[in-house]
>>> print(open('final_27.csv').read())   # CSV, C-alpha atoms
chain,number,residue,atom,x,y,z
A,1,MET,CA,-20.4,-177.9,76.8
A,2,ALA,CA,-21.9,-177.6,80.2
A,3,GLY,CA,-21.1,-179.6,83.3
A,4,THR,CA,-18.6,-180.1,86.0
A,5,ILE,CA,-14.9,-179.6,85.5
A,6,LEU,CA,-12.1,-180.9,87.8
A,7,VAL,CA,-9.1,-178.6,87.7
A,8,THR,CA,-6.0,-180.1,89.4
A,9,GLY,CA,-3.7,-177.3,90.7
A,10,GLY,CA,-6.7,-174.9,90.4
A,11,ALA,CA,-5.4,-172.5,93.1
A,12,GLY,CA,-2.1,-172.0,91.2
A,13,TYR,CA,-0.8,-169.4,88.8
A,14,VAL,CA,-2.7,-170.6,85.8
A,15,GLY,CA,-5.4,-172.4,87.7
A,16,SER,CA,-6.8,-169.4,89.6
A,17,ILE,CA,-7.3,-167.5,86.3
A,18,LEU,CA,-8.8,-170.6,84.6
A,19,THR,CA,-11.2,-171.2,87.5
A,20,ASP,CA,-12.4,-167.7,87.3
A,21,LYS,CA,-13.1,-168.0,83.6
A,22,LEU,CA,-14.9,-171.4,84.0
A,23,LEU,CA,-17.1,-170.1,86.8
A,24,SER,CA,-18.0,-167.0,84.7
A,25,ARG,CA,-19.1,-169.4,81.9
A,26,GLY,CA,-21.5,-171.2,84.2
A,27,TYR,CA,-19.5,-174.4,84.9
A,28,LYS,CA,-19.3,-176.2,88.2
A,29,VAL,CA,-15.7,-176.5,89.2
A,30,LYS,CA,-14.0,-178.9,91.5
A,31,ILE,CA,-10.5,-178.1,92.5
A,32,LEU,CA,-8.0,-180.7,93.6
A,33,ASP,CA,-5.0,-178.9,95.2
A,34,ARG,CA,-2.6,-179.2,98.1
A,35,PHE,CA,-3.1,-175.4,98.6
A,36,PHE,CA,0.6,-175.1,99.3
A,37,PHE,CA,0.3,-171.4,98.8
A,38,GLY,CA,-3.1,-171.2,100.5
A,39,LYS,CA,-6.6,-170.6,99.2
A,40,GLU,CA,-6.3,-166.8,98.9
A,41,PRO,CA,-6.0,-166.9,95.0
A,42,LEU,CA,-9.6,-168.2,95.0
A,43,SER,CA,-10.9,-165.8,97.6
A,44,LYS,CA,-13.3,-164.0,95.3
A,45,HIS,CA,-15.1,-167.3,94.7
A,46,ILE,CA,-14.8,-169.0,98.0
A,47,ASN,CA,-18.5,-168.8,98.7
A,48,ASN,CA,-19.6,-169.7,95.2
A,49,GLU,CA,-21.9,-172.7,95.4
A,50,ARG,CA,-20.6,-173.9,92.0
A,51,LEU,CA,-17.0,-174.2,93.4
A,52,GLN,CA,-15.8,-177.1,95.5
A,53,LEU,CA,-12.3,-177.2,97.0
A,54,ILE,CA,-10.7,-180.6,97.8
A,55,LYS,CA,-7.3,-180.5,99.6
A,56,ASP,CA,-5.4,-183.6,98.5
A,57,ASP,CA,-2.3,-184.8,96.7
A,58,ILE,CA,-2.8,-186.0,93.1
A,59,ARG,CA,-0.5,-189.0,93.8
A,60,TYR,CA,-2.8,-190.4,96.5
A,61,ASP,CA,-6.4,-189.5,95.7
A,62,ASP,CA,-8.7,-192.5,95.7
A,63,GLY,CA,-11.0,-191.4,92.9
A,64,SER,CA,-14.1,-190.3,94.7
A,65,ILE,CA,-13.7,-186.8,93.5
A,66,PHE,CA,-14.5,-187.8,90.0
A,67,ASP,CA,-18.2,-188.5,90.7
A,68,GLY,CA,-20.2,-186.3,88.4
A,69,VAL,CA,-17.1,-184.9,86.6
A,70,ASP,CA,-17.4,-184.4,82.9
A,71,ALA,CA,-13.8,-183.3,82.1
A,72,VAL,CA,-10.4,-182.9,83.8
A,73,ILE,CA,-8.0,-180.1,83.2
A,74,HIS,CA,-4.7,-181.3,84.7
A,75,LEU,CA,-2.5,-178.4,85.7
A,76,ALA,CA,-1.0,-179.7,89.0
A,77,ALA,CA,2.8,-180.0,88.8
A,78,ILE,CA,6.2,-179.0,90.2
A,79,ALA,CA,6.2,-176.2,87.7
A,80,SER,CA,9.7,-175.3,86.7
A,81,ASP,CA,13.2,-176.7,85.9
A,82,PRO,CA,14.9,-175.5,89.1
A,83,ALA,CA,12.1,-176.7,91.4
A,84,SER,CA,12.2,-180.1,89.8
A,85,GLU,CA,15.9,-180.4,90.2
A,86,LEU,CA,15.6,-179.7,94.0
A,87,ASP,CA,13.7,-183.0,94.5
A,88,PRO,CA,14.0,-185.2,91.4
A,89,GLU,CA,12.0,-188.0,93.1
A,90,ALA,CA,9.1,-185.7,93.9
A,91,ALA,CA,9.2,-184.3,90.4
A,92,GLU,CA,8.9,-187.8,88.9
A,93,THR,CA,6.1,-188.9,91.1
A,94,ILE,CA,4.1,-185.7,90.6
A,95,ASN,CA,4.8,-184.6,87.1
A,96,HIS,CA,4.9,-188.0,85.4
A,97,GLU,CA,3.4,-190.7,87.6
A,98,GLY,CA,0.9,-188.4,89.3
A,99,ALA,CA,-0.5,-187.3,85.9
A,100,LEU,CA,-1.1,-190.9,84.9
A,101,HIS,CA,-2.6,-191.8,88.2
A,102,ILE,CA,-5.2,-189.0,87.9
A,103,ALA,CA,-6.0,-190.0,84.3
A,104,LYS,CA,-6.5,-193.6,85.1
A,105,LEU,CA,-8.9,-192.7,87.9
A,106,ALA,CA,-10.7,-190.3,85.7
A,107,ARG,CA,-11.1,-193.0,83.0
A,108,GLN,CA,-12.3,-195.6,85.5
A,109,HIS,CA,-15.0,-193.2,86.7
A,110,GLY,CA,-16.3,-192.4,83.2
A,111,VAL,CA,-14.8,-188.9,82.7
A,112,LYS,CA,-15.0,-188.1,79.0
A,113,ARG,CA,-12.3,-185.6,78.5
A,114,PHE,CA,-8.8,-185.1,79.9
A,115,LEU,CA,-6.7,-182.0,79.0
A,116,PHE,CA,-3.1,-182.1,80.0
A,117,SER,CA,-0.9,-179.0,80.6
A,118,SER,CA,2.4,-179.9,79.0
A,119,SER,CA,5.3,-177.7,78.0
A,120,ALA,CA,7.1,-176.5,74.9
A,121,SER,CA,10.3,-177.4,76.8
A,122,VAL,CA,9.8,-181.0,75.5
A,123,TYR,CA,11.4,-179.8,72.3
A,124,GLY,CA,14.7,-178.9,74.1
A,125,GLN,CA,17.4,-177.1,72.2
A,126,ALA,CA,15.7,-177.0,68.8
A,127,ASP,CA,17.8,-176.5,65.6
A,128,ASN,CA,15.3,-174.0,64.2
A,129,LEU,CA,12.4,-171.8,65.5
A,130,GLN,CA,9.7,-173.3,63.3
A,131,LEU,CA,8.5,-176.1,65.5
A,132,THR,CA,5.4,-178.0,64.9
A,133,GLU,CA,3.6,-180.7,66.9
A,134,GLU,CA,5.5,-183.2,64.7
A,135,SER,CA,9.0,-181.8,65.5
A,136,PRO,CA,11.3,-184.3,67.3
A,137,LEU,CA,11.3,-184.1,71.1
A,138,LYS,CA,14.7,-183.5,72.7
A,139,PRO,CA,14.0,-182.7,76.3
A,140,VAL,CA,17.0,-181.5,78.3
A,141,SER,CA,15.7,-180.8,81.8
A,142,LEU,CA,14.2,-183.3,84.2
A,143,TYR,CA,11.0,-181.2,84.1
A,144,ALA,CA,10.8,-181.5,80.3
A,145,LYS,CA,11.5,-185.3,80.4
A,146,ASN,CA,8.7,-185.9,82.9
A,147,LYS,CA,6.3,-183.9,80.8
A,148,MET,CA,7.3,-185.9,77.7
A,149,MET,CA,6.8,-189.2,79.5
A,150,ALA,CA,3.4,-188.1,80.9
A,151,GLU,CA,2.3,-187.1,77.4
A,152,GLN,CA,3.2,-190.6,76.0
A,153,GLY,CA,1.4,-192.4,78.8
A,154,LEU,CA,-1.7,-190.2,78.5
A,155,LEU,CA,-2.0,-190.5,74.7
A,156,ALA,CA,-1.8,-194.3,75.1
A,157,MET,CA,-5.0,-194.1,77.2
A,158,SER,CA,-6.9,-191.9,74.7
A,159,ASP,CA,-9.8,-193.6,72.8
A,160,SER,CA,-13.4,-192.8,71.8
A,161,SER,CA,-14.7,-192.9,75.4
A,162,PHE,CA,-11.8,-191.1,77.0
A,163,SER,CA,-10.5,-188.1,74.9
A,164,VAL,CA,-7.0,-186.9,75.8
A,165,THR,CA,-5.7,-183.6,74.5
A,166,ILE,CA,-2.1,-182.3,75.1
A,167,LEU,CA,-1.3,-178.6,75.3
A,168,ARG,CA,2.4,-177.8,74.9
A,169,ASN,CA,2.4,-174.4,76.6
A,170,PRO,CA,4.9,-171.7,76.0
A,171,THR,CA,6.4,-169.8,79.0
A,172,VAL,CA,3.5,-168.0,80.7
A,173,TYR,CA,3.4,-164.4,81.8
A,174,GLY,CA,0.9,-161.9,83.3
A,175,VAL,CA,-0.8,-161.0,86.5
A,176,SER,CA,-2.5,-163.7,88.5
A,177,PRO,CA,-4.0,-164.0,92.0
A,178,ARG,CA,-1.2,-166.6,92.7
A,179,MET,CA,1.5,-164.4,91.3
A,180,ARG,CA,4.9,-165.9,90.1
A,181,PHE,CA,8.1,-163.9,89.7
A,182,ASP,CA,10.2,-166.8,88.5
A,183,LEU,CA,9.0,-166.4,84.9
A,184,ILE,CA,11.1,-164.3,82.6
A,185,ILE,CA,8.7,-161.5,81.5
A,186,ASN,CA,7.3,-161.2,85.0
A,187,ILE,CA,10.9,-160.9,86.3
A,188,MET,CA,11.7,-158.2,83.7
A,189,THR,CA,8.6,-156.3,84.6
A,190,LEU,CA,9.3,-156.5,88.3
A,191,THR,CA,12.9,-155.4,88.0
A,192,ALA,CA,11.9,-152.6,85.6
A,193,PHE,CA,9.5,-151.3,88.2
A,194,SER,CA,11.6,-151.9,91.4
A,195,ASP,CA,15.1,-151.3,90.1
A,196,LYS,CA,14.5,-149.2,86.9
A,197,LYS,CA,16.4,-151.9,85.0
A,198,ILE,CA,15.4,-154.8,82.8
A,199,LEU,CA,17.6,-157.8,83.5
A,200,VAL,CA,18.5,-160.0,80.5
A,201,TYR,CA,20.3,-163.2,81.3
A,202,GLY,CA,22.2,-165.6,78.9
A,203,GLY,CA,23.7,-162.9,76.7
A,204,GLY,CA,20.4,-161.9,75.2
A,205,LEU,CA,20.7,-164.5,72.3
A,206,GLN,CA,18.2,-167.0,73.6
A,207,TRP,CA,14.7,-167.4,72.2
A,208,ARG,CA,11.5,-168.8,73.6
A,209,PRO,CA,7.8,-168.5,73.0
A,210,HIS,CA,5.5,-166.8,75.5
A,211,ILE,CA,1.8,-166.6,76.2
A,212,HIS,CA,-0.3,-164.5,78.5
A,213,VAL,CA,-2.0,-166.4,81.4
A,214,LYS,CA,-5.4,-165.3,80.3
A,215,ASP,CA,-4.9,-166.4,76.7
A,216,LEU,CA,-3.7,-169.8,77.9
A,217,SER,CA,-6.8,-170.1,80.1
A,218,ASP,CA,-8.9,-169.3,77.0
A,219,ASP,CA,-7.1,-171.9,75.0
A,220,PHE,CA,-8.0,-174.6,77.6
A,221,ILE,CA,-11.6,-173.5,77.4
A,222,THR,CA,-11.6,-173.5,73.6
A,223,ILE,CA,-10.4,-177.1,73.5
A,224,LEU,CA,-12.7,-178.1,76.3
A,225,GLU,CA,-15.7,-176.8,74.3
A,226,ALA,CA,-14.5,-178.0,70.9
A,227,ASP,CA,-16.0,-180.9,69.0
A,228,VAL,CA,-14.4,-184.0,70.6
A,229,ASN,CA,-13.5,-185.4,67.1
A,230,LEU,CA,-11.3,-182.4,66.5
A,231,VAL,CA,-9.2,-182.6,69.7
A,232,GLU,CA,-9.2,-186.3,70.7
A,233,ASN,CA,-5.7,-187.7,70.9
A,234,GLU,CA,-4.3,-184.4,69.6
A,235,ILE,CA,-1.3,-182.2,70.6
A,236,PHE,CA,-1.4,-178.4,70.3
A,237,ASN,CA,1.5,-176.0,70.5
>>> encode(input="final_27.csv", output="structure tokens")
Amino acid sequence: MAGTILVTGGAGYVGSILTDKLLSRGYKVKILDRFFFGKEPLSKHINNERLQLIKDDIRYDDGSIFDGVDAVIHLAAIASDPASELDPEAAETINHEGALHIAKLARQHGVKRFLFSSSASVYGQADNLQLTEESPLKPVSLYAKNKMMAEQGLLAMSDSSFSVTILRNPTVYGVSPRMRFDLIINIMTLTAFSDKKILVYGGGLQWRPHIHVKDLSDDFITILEADVNLVENEIFN
């Protein structure tokens, strides 16, 4: 697949890596981002004629950015449980309502594919470790509940002319131009380097899946370039 990809949250932890990979594959990339942490994560590409930066809020965009866009990869979010709890109203309007707003505009403007960055947290406190895409959803946190509601609304829009695919991401780790140290493996690595200790919270009995930020970016590209009949209206852990 060739063309123009809109990445919401493209200057973020995952987005800056994904943007680099998309540009290296010859795509044109539009980024919709508030640039709350600045544009520095994209500094190596700032003069790339195939990159367009649009500073705006996903909740209020009027849709003009979708002109010429072939697919949307929607990453923009308040991206953690603690941050969502700080402002529940903002979390709801961004993580749930904002995702649906962007999808509706994309569909109206003829965009063919919409990839949504969801979370494995929608499963909540699972009874076993062998979770599939058909496992029941038992979200505990506000963040997870908003992701679940966004999934449901987006899948209801999916049809032969507007393909929606959901990626339920594990916890991400690894180095990124927009580094995050609120993620567990990154925290462990930081404290091992700075304090010569690896901190393990919660008694060490908890379990959760993880994925490297570069691997997750590759996953988005794999689905983006897959036969639409294989990924339309599908969910992937």
>>> atom_distance(input="final_27.csv", atom1="atom CA of A:Lys28", atom2="atom CA of A:Arg50")
4.6 Å
>>> closest_residue(input="final_27.csv", among="A:Ser160, A:Ser118, A:Thr132, A:Ser80", to="A:Leu183", atoms="all atoms listed in the file")
A:Ser80
>>> closest_atom_pairs(input="final_27.csv", of="stretch 82-147 of chain A", to="stretch 164-169 of chain A", cutoff="9 Å", atoms="only C-alpha atoms", output="tab-separated table")
residue	atom	partner	partner_atom	distance
A:Lys112	CA	A:Val164	CA	8.7
A:Arg113	CA	A:Val164	CA	6.1
A:Phe114	CA	A:Val164	CA	4.8
A:Leu115	CA	A:Thr165	CA	4.9
A:Phe116	CA	A:Ile166	CA	5.0
A:Ser117	CA	A:Leu167	CA	5.3
A:Ser118	CA	A:Arg168	CA	4.6
A:Ser119	CA	A:Arg168	CA	4.2
A:Ala120	CA	A:Arg168	CA	4.9
A:Ser121	CA	A:Arg168	CA	8.1
A:Val122	CA	A:Arg168	CA	8.1
A:Glu133	CA	A:Arg168	CA	8.6
>>> closest_residue(input="final_27.csv", among="A:Tyr27, A:Tyr173, A:Phe236, A:Tyr123", to="A:Lys214", atoms="all atoms listed in the file")
A:Tyr173
>>> atom_distance(input="final_27.csv", atom1="atom CA of A:Ser217", atom2="atom CA of A:Val72")
13.8 Å
>>> residues_around(input="final_27.csv", residues="A:Ile31", least_positions_apart="3", cutoff="6 Å", atoms="all atoms listed in the file", output="ChimeraX atom specification")
/A:6-8,10,53-54
>>> atom_distance(input="final_27.csv", atom1="atom CA of A:Ile235", atom2="atom CA of A:His101")
20.1 Å
>>> closest_residue(input="final_27.csv", among="A:Met157, A:Trp207, A:Ala91, A:Leu51", to="A:Asn128", atoms="all atoms listed in the file")
A:Trp207
>>> residues_around(input="final_27.csv", residues="A:Asn186", least_positions_apart="5", cutoff="8 Å", atoms="all atoms listed in the file", output="list of chain:residue names")
A:Tyr173, A:Gly174, A:Arg180, A:Phe181
>>> closest_residue(input="final_27.csv", among="A:Phe66, A:Ala192, A:Ala77, A:Ile94", to="A:Ala11", atoms="all atoms listed in the file")
A:Ala77
>>> closest_residue(input="final_27.csv", among="A:Arg178, A:His109, A:Arg59, A:His74", to="A:Ser43", atoms="all atoms listed in the file")
A:Arg178
>>> residues_near_point(input="final_27.csv", point="(20.1, -176.1, 82.4)", cutoff="12 Å", atoms="all atoms listed in the file", output="number ranges by chain")
A: 80-82, 84-85, 121, 124-125, 139-144, 202
>>> residues_around(input="final_27.csv", residues="A:Ala2", least_positions_apart="6", cutoff="12 Å", atoms="only C-alpha atoms", output="PyMOL selection string")
chain A and resi 22-23+25-29+69-71+221+224-226
